[in-house]
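Data block below; observations after.
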Amino acid sequence: MSVPFWVVWITLLLMPVTALAEEGFADETPARLDWSMRMEVGSPVSGIVTQVKVQPGDRVGEGDVLVMLDDRAPKAELERARAQAQRLKLAREEAEREYERTREMHDRALISSRELALAEIDQSMAQAAHQGARAELTQARLDLEYSQVKAPMDALVVTRHVQPGQVVQNTLQVQPLLTLAVVQPMVAVLEVSSRRATELEPGTEVRVRVEDQEFQGRVQQVGLEALEGDPGSFQAWVAFDPPEDHRLRAGMSAWVVLP
């Protein structure tokens with residue numbers, strides 16, 4: 001005797017959600033979108049902002065110049081460091097020649113060992129001074145390079161923190177100039193039960209639904225510690241690759257369809 005369709009339908013409605021999941025039904029969990037990486041960029045040198053070349057929403061490539069600082073002081077310091085390094089290079093070479101002359105005279109017993117030792121000290125001091133000048137020259141080159149703030153990776157400009165004419169003071173702490181975000185892949189952050197946390201493994205394929213769009217995703221990471229105040233819940237991160245021209249934003253609501 002066959003069971004009427006309406007009996008089967010009522011039975012399914014009365015079944016617990018967990019039972020449905022165990023029978024192979026998809027488990028749809030609320031989530032929120034986030035960038036896969038967020039970074040504040042700045043410069044280790046202080047100065048006056050002369051130009052901001054990007055706006056929030058711009059896509060930038062690795063190495064693109066984003067912000068420019070007044071480079072007149074770093075250029076002057078670089079010239080001074082070059083001149084100092086050249087002067088001390090000549091002094092080191094002269095000290096080395098003087099040491100060789102003194103050593104030859106000492107070998108011929110024309111001068112005392114004390115005079116040879118003093119010449120050796122002068123040579124060592126000249127070498128050390130030249131090395132210090134070379135280090136200052138390297139730092140001057142870096143300071144000039146840092147006057148142009150470049151994108152460390154392909155990213156999206158999220159926030160602009162400075163304007164042309166603004167003084168950037170980085171004596172104690174680097175001041176952020178821009179906030180960048182990596183948008184490929186996007187990440188859906190969700191909360192799962194302790195049972196789900198033990199079942200999900202990195203690489204597990206899932207689906208991510210945002211409004212009327214659906215994307216293929218994969219579990220990136222499952223938290224190792226329960227959420228504060230909720231011992232039975234764990235955070236999980238699902239990565240997915242939306243199209244390049246997508247309009248998704250961090251903080252948007254989403255649904256993750258778990259297997």
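Please note that chains go A, B, ... in the order of the structure tokens, that every chain numbers its residues from 1, and that ligands are numbered from 1 in the order shown.
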Give me, as a CSV table (one decimal) with all heavy atoms, in the first residue's frame, all polymer residues having an atom no more than 8 Å from range 241-256 of chain A, counting only C-alpha atoms and skipping those fewer than 3 positions away in the same chain.
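Heads up, here's the output in around31.csv:
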chain,number,residue,atom,x,y,z
A,28,GLU,N,22.8,25.7,5.2
A,28,GLU,CA,23.1,27.1,4.9
A,28,GLU,C,23.3,27.9,6.1
A,28,GLU,O,22.4,28.0,7.0
A,28,GLU,CB,21.9,27.6,4.0
A,28,GLU,CG,22.3,28.9,3.2
A,28,GLU,CD,21.2,29.3,2.3
A,28,GLU,OE1,20.1,29.6,2.7
A,28,GLU,OE2,21.4,29.2,1.1
A,29,THR,N,24.5,28.5,6.2
A,29,THR,CA,24.9,29.2,7.4
A,29,THR,C,25.1,30.7,7.1
A,29,THR,O,25.8,31.0,6.1
A,29,THR,CB,26.2,28.6,8.0
A,29,THR,OG1,26.0,27.2,8.2
A,29,THR,CG2,26.6,29.3,9.3
A,30,PRO,N,24.6,31.6,7.9
A,30,PRO,CA,24.9,33.1,7.6
A,30,PRO,C,26.4,33.4,7.8
A,30,PRO,O,27.1,32.8,8.6
A,30,PRO,CB,24.0,33.8,8.7
A,30,PRO,CG,23.8,32.8,9.7
A,30,PRO,CD,23.8,31.4,9.1
A,31,ALA,N,26.8,34.4,7.0
A,31,ALA,CA,28.3,34.8,7.1
A,31,ALA,C,28.3,36.2,6.7
A,31,ALA,O,27.4,36.9,6.4
A,31,ALA,CB,29.1,33.9,6.1
A,32,ARG,N,29.5,36.8,6.9
A,32,ARG,CA,29.8,38.2,6.4
A,32,ARG,C,31.1,38.2,5.6
A,32,ARG,O,32.0,37.4,5.9
A,32,ARG,CB,29.9,39.1,7.6
A,32,ARG,CG,31.1,38.8,8.6
A,32,ARG,CD,31.3,39.9,9.6
A,32,ARG,NE,32.3,39.5,10.6
A,32,ARG,CZ,33.6,39.6,10.3
A,32,ARG,NH1,34.0,40.2,9.2
A,32,ARG,NH2,34.5,39.2,11.2
A,33,LEU,N,31.1,39.1,4.6
A,33,LEU,CA,32.3,39.1,3.7
A,33,LEU,C,33.4,39.9,4.3
A,33,LEU,O,33.2,40.9,5.1
A,33,LEU,CB,31.9,39.7,2.4
A,33,LEU,CG,30.8,38.9,1.6
A,33,LEU,CD1,30.7,39.6,0.2
A,33,LEU,CD2,31.1,37.5,1.5
A,34,ASP,N,34.6,39.6,4.0
A,34,ASP,CA,35.8,40.3,4.4
A,34,ASP,C,36.8,40.2,3.4
A,34,ASP,O,36.8,39.3,2.5
A,34,ASP,CB,36.3,39.8,5.8
A,34,ASP,CG,37.2,40.8,6.5
A,34,ASP,OD1,37.4,41.9,6.0
A,34,ASP,OD2,37.6,40.5,7.6
A,35,TRP,N,37.8,41.1,3.4
A,35,TRP,CA,38.9,41.1,2.5
A,35,TRP,C,39.9,39.9,2.9
A,35,TRP,O,40.0,39.6,4.1
A,35,TRP,CB,39.7,42.4,2.5
A,35,TRP,CG,38.9,43.6,2.4
A,35,TRP,CD1,38.8,44.6,3.3
A,35,TRP,CD2,38.1,44.0,1.3
A,35,TRP,NE1,38.0,45.6,2.8
A,35,TRP,CE2,37.5,45.3,1.6
A,35,TRP,CE3,37.8,43.5,0.0
A,35,TRP,CZ2,36.7,46.0,0.7
A,35,TRP,CZ3,36.9,44.1,-0.8
A,35,TRP,CH2,36.4,45.4,-0.5
A,184,GLN,N,41.2,39.5,-4.1
A,184,GLN,CA,41.1,38.2,-4.7
A,184,GLN,C,42.0,37.3,-3.9
A,184,GLN,O,43.2,37.5,-4.0
A,184,GLN,CB,41.5,38.3,-6.2
A,184,GLN,CG,40.5,38.9,-7.1
A,184,GLN,CD,39.3,38.1,-7.4
A,184,GLN,OE1,39.1,37.0,-6.8
A,184,GLN,NE2,38.4,38.6,-8.3
A,185,PRO,N,41.5,36.3,-3.2
A,185,PRO,CA,40.1,36.0,-3.1
A,185,PRO,C,39.4,36.8,-2.0
A,185,PRO,O,40.1,37.5,-1.2
A,185,PRO,CB,40.2,34.5,-2.7
A,185,PRO,CG,41.4,34.4,-1.8
A,185,PRO,CD,42.4,35.3,-2.5
A,186,MET,N,38.1,36.8,-2.1
A,186,MET,CA,37.3,37.3,-1.0
A,186,MET,C,37.1,36.2,0.1
A,186,MET,O,37.4,35.0,-0.2
A,186,MET,CB,35.9,37.8,-1.4
A,186,MET,CG,35.9,39.0,-2.3
A,186,MET,SD,36.2,40.5,-1.4
A,186,MET,CE,34.7,40.7,-0.4
A,188,ALA,N,34.5,34.7,3.2
A,188,ALA,CA,33.3,34.7,4.0
A,188,ALA,C,33.6,34.1,5.3
A,188,ALA,O,34.1,33.0,5.5
A,188,ALA,CB,32.2,33.8,3.3
A,190,LEU,N,32.2,32.9,9.0
A,190,LEU,CA,31.0,32.3,9.5
A,190,LEU,C,31.3,31.6,10.9
A,190,LEU,O,32.4,31.4,11.2
A,190,LEU,CB,30.3,31.3,8.6
A,190,LEU,CG,31.1,30.1,8.2
A,190,LEU,CD1,30.2,28.9,7.9
A,190,LEU,CD2,32.1,30.3,7.0
A,206,VAL,N,32.7,24.3,-0.8
A,206,VAL,CA,31.4,24.8,-0.4
A,206,VAL,C,30.9,25.8,-1.4
A,206,VAL,O,31.6,26.2,-2.3
A,206,VAL,CB,31.5,25.4,1.0
A,206,VAL,CG1,32.0,24.4,2.1
A,206,VAL,CG2,32.4,26.7,1.0
A,207,ARG,N,29.7,26.3,-1.2
A,207,ARG,CA,29.1,27.3,-2.0
A,207,ARG,C,28.9,28.6,-1.2
A,207,ARG,O,28.4,28.5,0.0
A,207,ARG,CB,27.8,26.9,-2.7
A,207,ARG,CG,28.0,25.7,-3.6
A,207,ARG,CD,26.9,25.5,-4.6
A,207,ARG,NE,25.6,25.5,-3.9
A,207,ARG,CZ,25.1,24.4,-3.3
A,207,ARG,NH1,25.8,23.2,-3.3
A,207,ARG,NH2,23.9,24.4,-2.8
A,208,VAL,N,29.1,29.7,-1.8
A,208,VAL,CA,28.9,31.0,-1.1
A,208,VAL,C,27.8,31.8,-1.9
A,208,VAL,O,28.0,32.0,-3.1
A,208,VAL,CB,30.2,31.9,-1.0
A,208,VAL,CG1,29.9,33.2,-0.3
A,208,VAL,CG2,31.3,31.1,-0.3
A,209,ARG,N,26.8,32.2,-1.2
A,209,ARG,CA,25.7,33.0,-1.9
A,209,ARG,C,25.7,34.4,-1.3
A,209,ARG,O,25.6,34.6,-0.1
A,209,ARG,CB,24.4,32.3,-1.6
A,209,ARG,CG,23.2,32.9,-2.4
A,209,ARG,CD,22.0,32.0,-2.4
A,209,ARG,NE,21.5,31.7,-1.0
A,209,ARG,CZ,20.8,32.5,-0.3
A,209,ARG,NH1,20.4,33.7,-0.7
A,209,ARG,NH2,20.4,32.1,0.9
A,210,VAL,N,25.7,35.4,-2.2
A,210,VAL,CA,25.6,36.8,-1.9
A,210,VAL,C,24.5,37.4,-2.7
A,210,VAL,O,24.6,37.5,-3.9
A,210,VAL,CB,26.9,37.5,-2.1
A,210,VAL,CG1,26.8,39.0,-1.6
A,210,VAL,CG2,28.1,36.8,-1.5
A,211,GLU,N,23.4,37.7,-2.0
A,211,GLU,CA,22.2,38.2,-2.8
A,211,GLU,C,21.8,37.2,-3.8
A,211,GLU,O,21.6,36.0,-3.5
A,211,GLU,CB,22.5,39.6,-3.3
A,211,GLU,CG,22.7,40.6,-2.2
A,211,GLU,CD,23.1,42.0,-2.8
A,211,GLU,OE1,23.3,42.1,-4.0
A,211,GLU,OE2,23.0,43.0,-2.0
A,215,PHE,N,28.8,31.5,-5.7
A,215,PHE,CA,30.2,31.3,-6.0
A,215,PHE,C,30.7,30.0,-5.4
A,215,PHE,O,30.2,29.6,-4.4
A,215,PHE,CB,31.1,32.4,-5.5
A,215,PHE,CG,30.7,33.8,-5.9
A,215,PHE,CD1,29.9,34.6,-5.0
A,215,PHE,CD2,31.0,34.4,-7.1
A,215,PHE,CE1,29.5,35.8,-5.3
A,215,PHE,CE2,30.6,35.6,-7.5
A,215,PHE,CZ,29.8,36.4,-6.6
A,216,GLN,N,31.6,29.3,-6.1
A,216,GLN,CA,32.2,28.1,-5.6
A,216,GLN,C,33.3,28.6,-4.7
A,216,GLN,O,34.2,29.4,-5.0
A,216,GLN,CB,32.8,27.3,-6.7
A,216,GLN,CG,33.3,25.9,-6.3
A,216,GLN,CD,32.2,25.0,-5.8
A,216,GLN,OE1,31.1,25.0,-6.4
A,216,GLN,NE2,32.5,24.2,-4.8
A,217,GLY,N,33.4,28.0,-3.4
A,217,GLY,CA,34.4,28.4,-2.4
A,217,GLY,C,35.0,27.2,-1.9
A,217,GLY,O,34.7,26.0,-2.2
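The neighbours of Ala128 in chain A here are the residues that come within 10 Å of it, using only C-alpha atoms and leaving out any residue fewer than 6 positions away in the same chain; they are Leu88, Arg92, Asp122 and Arg134 of chain A.
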Between A:Gly63, A:Pro202, A:Gly165, A:Gly132, which has the minimum distance to Lys150 in chain A (counting only C-alpha atoms)?
A:Gly63
I'd like to know which residues of range 123-243 of chain A are strand (DSSP E) (by DSSP, run on the backbone); could you write them as JSON, numbers by chain?
{"A": [148, 149, 150, 155, 156, 157, 158, 159, 160, 167, 168, 178, 179, 180, 181, 182, 183, 184, 185, 186, 187, 188, 189, 190, 191, 192, 193, 205, 206, 207, 208, 209, 210, 213, 214, 215, 216, 217, 218, 219, 220, 221, 222, 233, 234, 235, 236, 237, 238, 239, 240]}
Any idea what's packed within 8 Å of Val67 in chain A, counting only C-alpha atoms, ignoring anything in its chain fewer than 4 positions away? Could you give it as a compact mmCIF listing (two decimals) with N, CA and C atoms, in the first residue's frame?
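Full text of out_16.txt as output:
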# COMPACT_ATOMS: atom_id res chain seq x y z
N VAL A 49 53.30 65.94 2.42
CA VAL A 49 52.67 65.25 1.30
C VAL A 49 52.52 66.23 0.13
N THR A 50 53.10 65.89 -1.00
CA THR A 50 52.99 66.74 -2.19
C THR A 50 51.93 66.24 -3.17
N GLN A 51 51.68 64.94 -3.16
CA GLN A 51 50.71 64.40 -4.11
C GLN A 51 50.16 63.06 -3.61
N VAL A 52 48.83 62.90 -3.73
CA VAL A 52 48.17 61.61 -3.49
C VAL A 52 47.59 61.19 -4.83
N LYS A 53 48.10 60.10 -5.39
CA LYS A 53 47.79 59.75 -6.77
C LYS A 53 46.59 58.81 -6.90
N VAL A 54 45.98 58.40 -5.78
CA VAL A 54 44.87 57.44 -5.85
C VAL A 54 43.71 57.91 -4.99
N GLN A 148 58.64 58.20 -1.92
CA GLN A 148 57.58 57.72 -2.80
C GLN A 148 57.00 56.45 -2.21
N VAL A 149 55.75 56.51 -1.81
CA VAL A 149 55.09 55.34 -1.21
C VAL A 149 54.48 54.52 -2.33
N LYS A 150 54.90 53.27 -2.44
CA LYS A 150 54.46 52.40 -3.53
C LYS A 150 53.59 51.25 -3.01
N LEU A 177 49.06 56.22 5.66
CA LEU A 177 48.68 57.16 4.60
C LEU A 177 47.47 56.64 3.82
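Ranking A:Leu178, A:Ala155, A:Leu90, A:Leu144 by their shortest atom-to-atom distance to Asp70 in chain A, with only C-alpha atoms included, puts A:Leu144 first.
Counting only C-alpha atoms, Glu94 in chain A has the following residues at most 10 Å away, ignoring those fewer than 6 positions along the same chain: Leu88, Glu100, Gln123 and Ala126 of chain A.
Neighbouring residues of Val157 in chain A at 7 Å or closer, counting only C-alpha atoms and skipping chain neighbours under 4 positions away, are Gln55, Pro56, Gly57, Asp58, Arg59, Thr179, Leu180 and Ala181 of chain A.
With distances restricted to only C-alpha atoms, A:Pro74 is the closest residue to Leu137 in chain A from A:Pro74, A:Gly203, A:Pro176, A:Gly223.
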Taking 4 positions as the minimum chain separation for residues in the same chain, which residues sit within 9 Å of range 101-110 of chain A when counting only C-alpha atoms? Answer as JSON, numbers by chain.
{"A": [96, 97, 115, 116, 119, 120]}
For Lys75 in chain A, please output as a PyMOL selection string all residues within 10 Å (counting only C-alpha atoms; exclusion window: fewer than 3 positions along the same chain).
chain A and resi 70-72+78-81+140-141+143-145+147
What would the file look like if the residues just selected were written as an mmCIF file, in the first residue's frame with N, CA and C atoms?
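Printed below is part18.cif as written:
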data_model
loop_
_atom_site.group_PDB
_atom_site.id
_atom_site.type_symbol
_atom_site.label_atom_id
_atom_site.label_comp_id
_atom_site.auth_asym_id
_atom_site.auth_seq_id
_atom_site.Cartn_x
_atom_site.Cartn_y
_atom_site.Cartn_z
ATOM 1 N N ASP A 70 57.554 65.435 -0.138
ATOM 2 C CA ASP A 70 58.561 66.408 -0.581
ATOM 3 C C ASP A 70 59.940 65.760 -0.487
ATOM 4 N N ASP A 71 60.641 65.663 -1.618
ATOM 5 C CA ASP A 71 61.913 64.938 -1.647
ATOM 6 C C ASP A 71 63.138 65.856 -1.664
ATOM 7 N N ARG A 72 62.957 67.151 -1.440
ATOM 8 C CA ARG A 72 64.106 68.056 -1.507
ATOM 9 C C ARG A 72 65.111 67.797 -0.377
ATOM 10 N N LEU A 78 71.259 63.080 0.517
ATOM 11 C CA LEU A 78 71.955 62.095 -0.312
ATOM 12 C C LEU A 78 73.228 62.692 -0.895
ATOM 13 N N GLU A 79 73.177 63.932 -1.357
ATOM 14 C CA GLU A 79 74.377 64.580 -1.898
ATOM 15 C C GLU A 79 75.433 64.748 -0.810
ATOM 16 N N ARG A 80 74.996 65.149 0.392
ATOM 17 C CA ARG A 80 75.950 65.299 1.502
ATOM 18 C C ARG A 80 76.597 63.971 1.836
ATOM 19 N N ALA A 81 75.786 62.886 1.872
ATOM 20 C CA ALA A 81 76.319 61.565 2.214
ATOM 21 C C ALA A 81 77.285 61.074 1.142
ATOM 22 N N ALA A 140 70.652 57.271 3.226
ATOM 23 C CA ALA A 140 70.181 58.444 2.483
ATOM 24 C C ALA A 140 69.458 58.013 1.206
ATOM 25 N N ARG A 141 69.996 56.986 0.529
ATOM 26 C CA ARG A 141 69.321 56.476 -0.671
ATOM 27 C C ARG A 141 67.947 55.909 -0.321
ATOM 28 N N ASP A 143 66.049 56.733 2.283
ATOM 29 C CA ASP A 143 65.140 57.822 2.666
ATOM 30 C C ASP A 143 64.564 58.512 1.433
ATOM 31 N N LEU A 144 65.385 58.673 0.397
ATOM 32 C CA LEU A 144 64.876 59.268 -0.835
ATOM 33 C C LEU A 144 63.869 58.338 -1.500
ATOM 34 N N GLU A 145 64.162 57.044 -1.475
ATOM 35 C CA GLU A 145 63.238 56.063 -2.055
ATOM 36 C C GLU A 145 61.915 56.040 -1.286
ATOM 37 N N SER A 147 60.424 58.419 0.043
ATOM 38 C CA SER A 147 59.603 59.601 -0.188
ATOM 39 C C SER A 147 58.520 59.329 -1.235
#
DSSP on the backbone, then: every residue of range 100-234 of chain A marked alpha helix (DSSP H), written as JSON, numbers by chain.
{"A": [100, 101, 102, 103, 104, 105, 106, 107, 113, 114, 115, 116, 117, 118, 119, 120, 121, 122, 123, 124, 125, 126, 127, 128, 129, 130, 131, 132, 133, 134, 135, 136, 137, 138, 139, 140, 141, 142, 143, 144, 145, 146, 194, 195, 196, 197, 198, 199]}
Let's have the selection written as a compact mmCIF listing (two decimals), in the first residue's frame, with N, CA and C atoms.
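Once everything was written out, this is result-v7.txt:
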# COMPACT_ATOMS: atom_id res chain seq x y z
N GLU A 100 101.52 51.09 4.76
CA GLU A 100 102.46 50.28 4.00
C GLU A 100 103.86 50.90 4.04
N ARG A 101 103.95 52.23 3.94
CA ARG A 101 105.27 52.89 4.03
C ARG A 101 105.89 52.67 5.41
N THR A 102 105.04 52.80 6.44
CA THR A 102 105.55 52.63 7.80
C THR A 102 106.02 51.19 8.04
N ARG A 103 105.28 50.23 7.51
CA ARG A 103 105.66 48.82 7.69
C ARG A 103 106.99 48.52 7.00
N GLU A 104 107.18 49.09 5.79
CA GLU A 104 108.45 48.88 5.10
C GLU A 104 109.62 49.48 5.90
N MET A 105 109.40 50.67 6.46
CA MET A 105 110.46 51.30 7.26
C MET A 105 110.73 50.49 8.53
N HIS A 106 109.66 49.93 9.09
CA HIS A 106 109.84 49.10 10.30
C HIS A 106 110.61 47.85 9.96
N ASP A 107 110.32 47.24 8.80
CA ASP A 107 111.05 46.03 8.40
C ASP A 107 112.54 46.33 8.18
N SER A 113 108.53 49.89 16.73
CA SER A 113 107.27 49.13 16.64
C SER A 113 106.09 49.98 17.06
N ARG A 114 106.34 50.94 17.96
CA ARG A 114 105.24 51.81 18.41
C ARG A 114 104.71 52.64 17.25
N GLU A 115 105.62 53.15 16.41
CA GLU A 115 105.19 53.94 15.26
C GLU A 115 104.40 53.09 14.26
N LEU A 116 104.78 51.83 14.12
CA LEU A 116 104.03 50.92 13.24
C LEU A 116 102.64 50.67 13.81
N ALA A 117 102.56 50.51 15.13
CA ALA A 117 101.27 50.27 15.75
C ALA A 117 100.36 51.48 15.60
N LEU A 118 100.91 52.68 15.72
CA LEU A 118 100.09 53.89 15.56
C LEU A 118 99.58 54.01 14.11
N ALA A 119 100.41 53.65 13.14
CA ALA A 119 99.99 53.69 11.74
C ALA A 119 98.89 52.67 11.48
N GLU A 120 98.99 51.51 12.13
CA GLU A 120 97.95 50.49 11.98
C GLU A 120 96.63 50.96 12.58
N ILE A 121 96.71 51.66 13.73
CA ILE A 121 95.49 52.21 14.35
C ILE A 121 94.85 53.26 13.44
N ASP A 122 95.68 54.13 12.87
CA ASP A 122 95.16 55.15 11.95
C ASP A 122 94.46 54.50 10.75
N GLN A 123 95.05 53.43 10.24
CA GLN A 123 94.44 52.73 9.11
C GLN A 123 93.09 52.14 9.49
N SER A 124 93.02 51.51 10.67
CA SER A 124 91.76 50.89 11.11
C SER A 124 90.68 51.95 11.33
N MET A 125 91.07 53.08 11.91
CA MET A 125 90.10 54.14 12.15
C MET A 125 89.59 54.73 10.84
N ALA A 126 90.46 54.87 9.85
CA ALA A 126 90.05 55.39 8.54
C ALA A 126 89.10 54.41 7.85
N GLN A 127 89.38 53.12 7.98
CA GLN A 127 88.50 52.12 7.39
C GLN A 127 87.12 52.15 8.06
N ALA A 128 87.10 52.26 9.37
CA ALA A 128 85.83 52.30 10.10
C ALA A 128 85.02 53.54 9.73
N ALA A 129 85.70 54.68 9.61
CA ALA A 129 85.01 55.92 9.25
C ALA A 129 84.41 55.81 7.86
N HIS A 130 85.14 55.19 6.94
CA HIS A 130 84.62 55.04 5.58
C HIS A 130 83.42 54.09 5.56
N GLN A 131 83.47 53.02 6.33
CA GLN A 131 82.34 52.09 6.41
C GLN A 131 81.10 52.79 6.96
N GLY A 132 81.31 53.63 7.99
CA GLY A 132 80.18 54.39 8.54
C GLY A 132 79.59 55.34 7.52
N ALA A 133 80.45 55.97 6.72
CA ALA A 133 79.96 56.89 5.69
C ALA A 133 79.19 56.14 4.61
N ARG A 134 79.64 54.93 4.27
CA ARG A 134 78.91 54.12 3.29
C ARG A 134 77.54 53.73 3.82
N ALA A 135 77.45 53.43 5.12
CA ALA A 135 76.16 53.11 5.72
C ALA A 135 75.22 54.31 5.68
N GLU A 136 75.76 55.50 5.96
CA GLU A 136 74.95 56.72 5.89
C GLU A 136 74.47 56.98 4.47
N LEU A 137 75.32 56.67 3.49
CA LEU A 137 74.94 56.85 2.10
C LEU A 137 73.80 55.91 1.73
N THR A 138 73.88 54.67 2.19
CA THR A 138 72.80 53.71 1.94
C THR A 138 71.49 54.19 2.56
N GLN A 139 71.57 54.70 3.79
CA GLN A 139 70.37 55.20 4.46
C GLN A 139 69.78 56.40 3.73
N ALA A 140 70.65 57.27 3.23
CA ALA A 140 70.18 58.44 2.48
C ALA A 140 69.46 58.01 1.21
N ARG A 141 70.00 56.99 0.53
CA ARG A 141 69.32 56.48 -0.67
C ARG A 141 67.95 55.91 -0.32
N LEU A 142 67.87 55.18 0.79
CA LEU A 142 66.59 54.60 1.21
C LEU A 142 65.59 55.70 1.58
N ASP A 143 66.05 56.73 2.28
CA ASP A 143 65.14 57.82 2.67
C ASP A 143 64.56 58.51 1.43
N LEU A 144 65.39 58.67 0.40
CA LEU A 144 64.88 59.27 -0.83
C LEU A 144 63.87 58.34 -1.50
N GLU A 145 64.16 57.04 -1.47
CA GLU A 145 63.24 56.06 -2.06
C GLU A 145 61.92 56.04 -1.29
N TYR A 146 62.00 56.18 0.05
CA TYR A 146 60.80 56.14 0.88
C TYR A 146 59.91 57.39 0.69
N SER A 194 30.54 23.11 17.20
CA SER A 194 31.73 22.31 17.49
C SER A 194 31.76 21.04 16.64
N ARG A 195 30.57 20.47 16.34
CA ARG A 195 30.53 19.28 15.50
C ARG A 195 30.99 19.61 14.10
N ARG A 196 30.48 20.72 13.56
CA ARG A 196 30.89 21.15 12.24
C ARG A 196 32.37 21.48 12.18
N ALA A 197 32.89 22.10 13.24
CA ALA A 197 34.30 22.48 13.27
C ALA A 197 35.20 21.27 13.15
N THR A 198 34.77 20.14 13.73
CA THR A 198 35.59 18.93 13.63
C THR A 198 35.43 18.26 12.27
N GLU A 199 34.32 18.50 11.59
CA GLU A 199 34.08 17.88 10.29
C GLU A 199 34.74 18.64 9.15
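Each of A:Leu227, A:Val174, A:Met37, A:Val189 was compared to Met153 in chain A using only C-alpha atoms, and A:Met37 turns out to be the nearest.
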Rounded to one decimal in Å, what is the spacing between CA of Leu258 in chain A and CA of Glu205 in chain A?
8.2 Å
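The two atoms in question, CA of Glu225 in chain A and CA of Ser193 in chain A, are spaced 11.8 Å apart.
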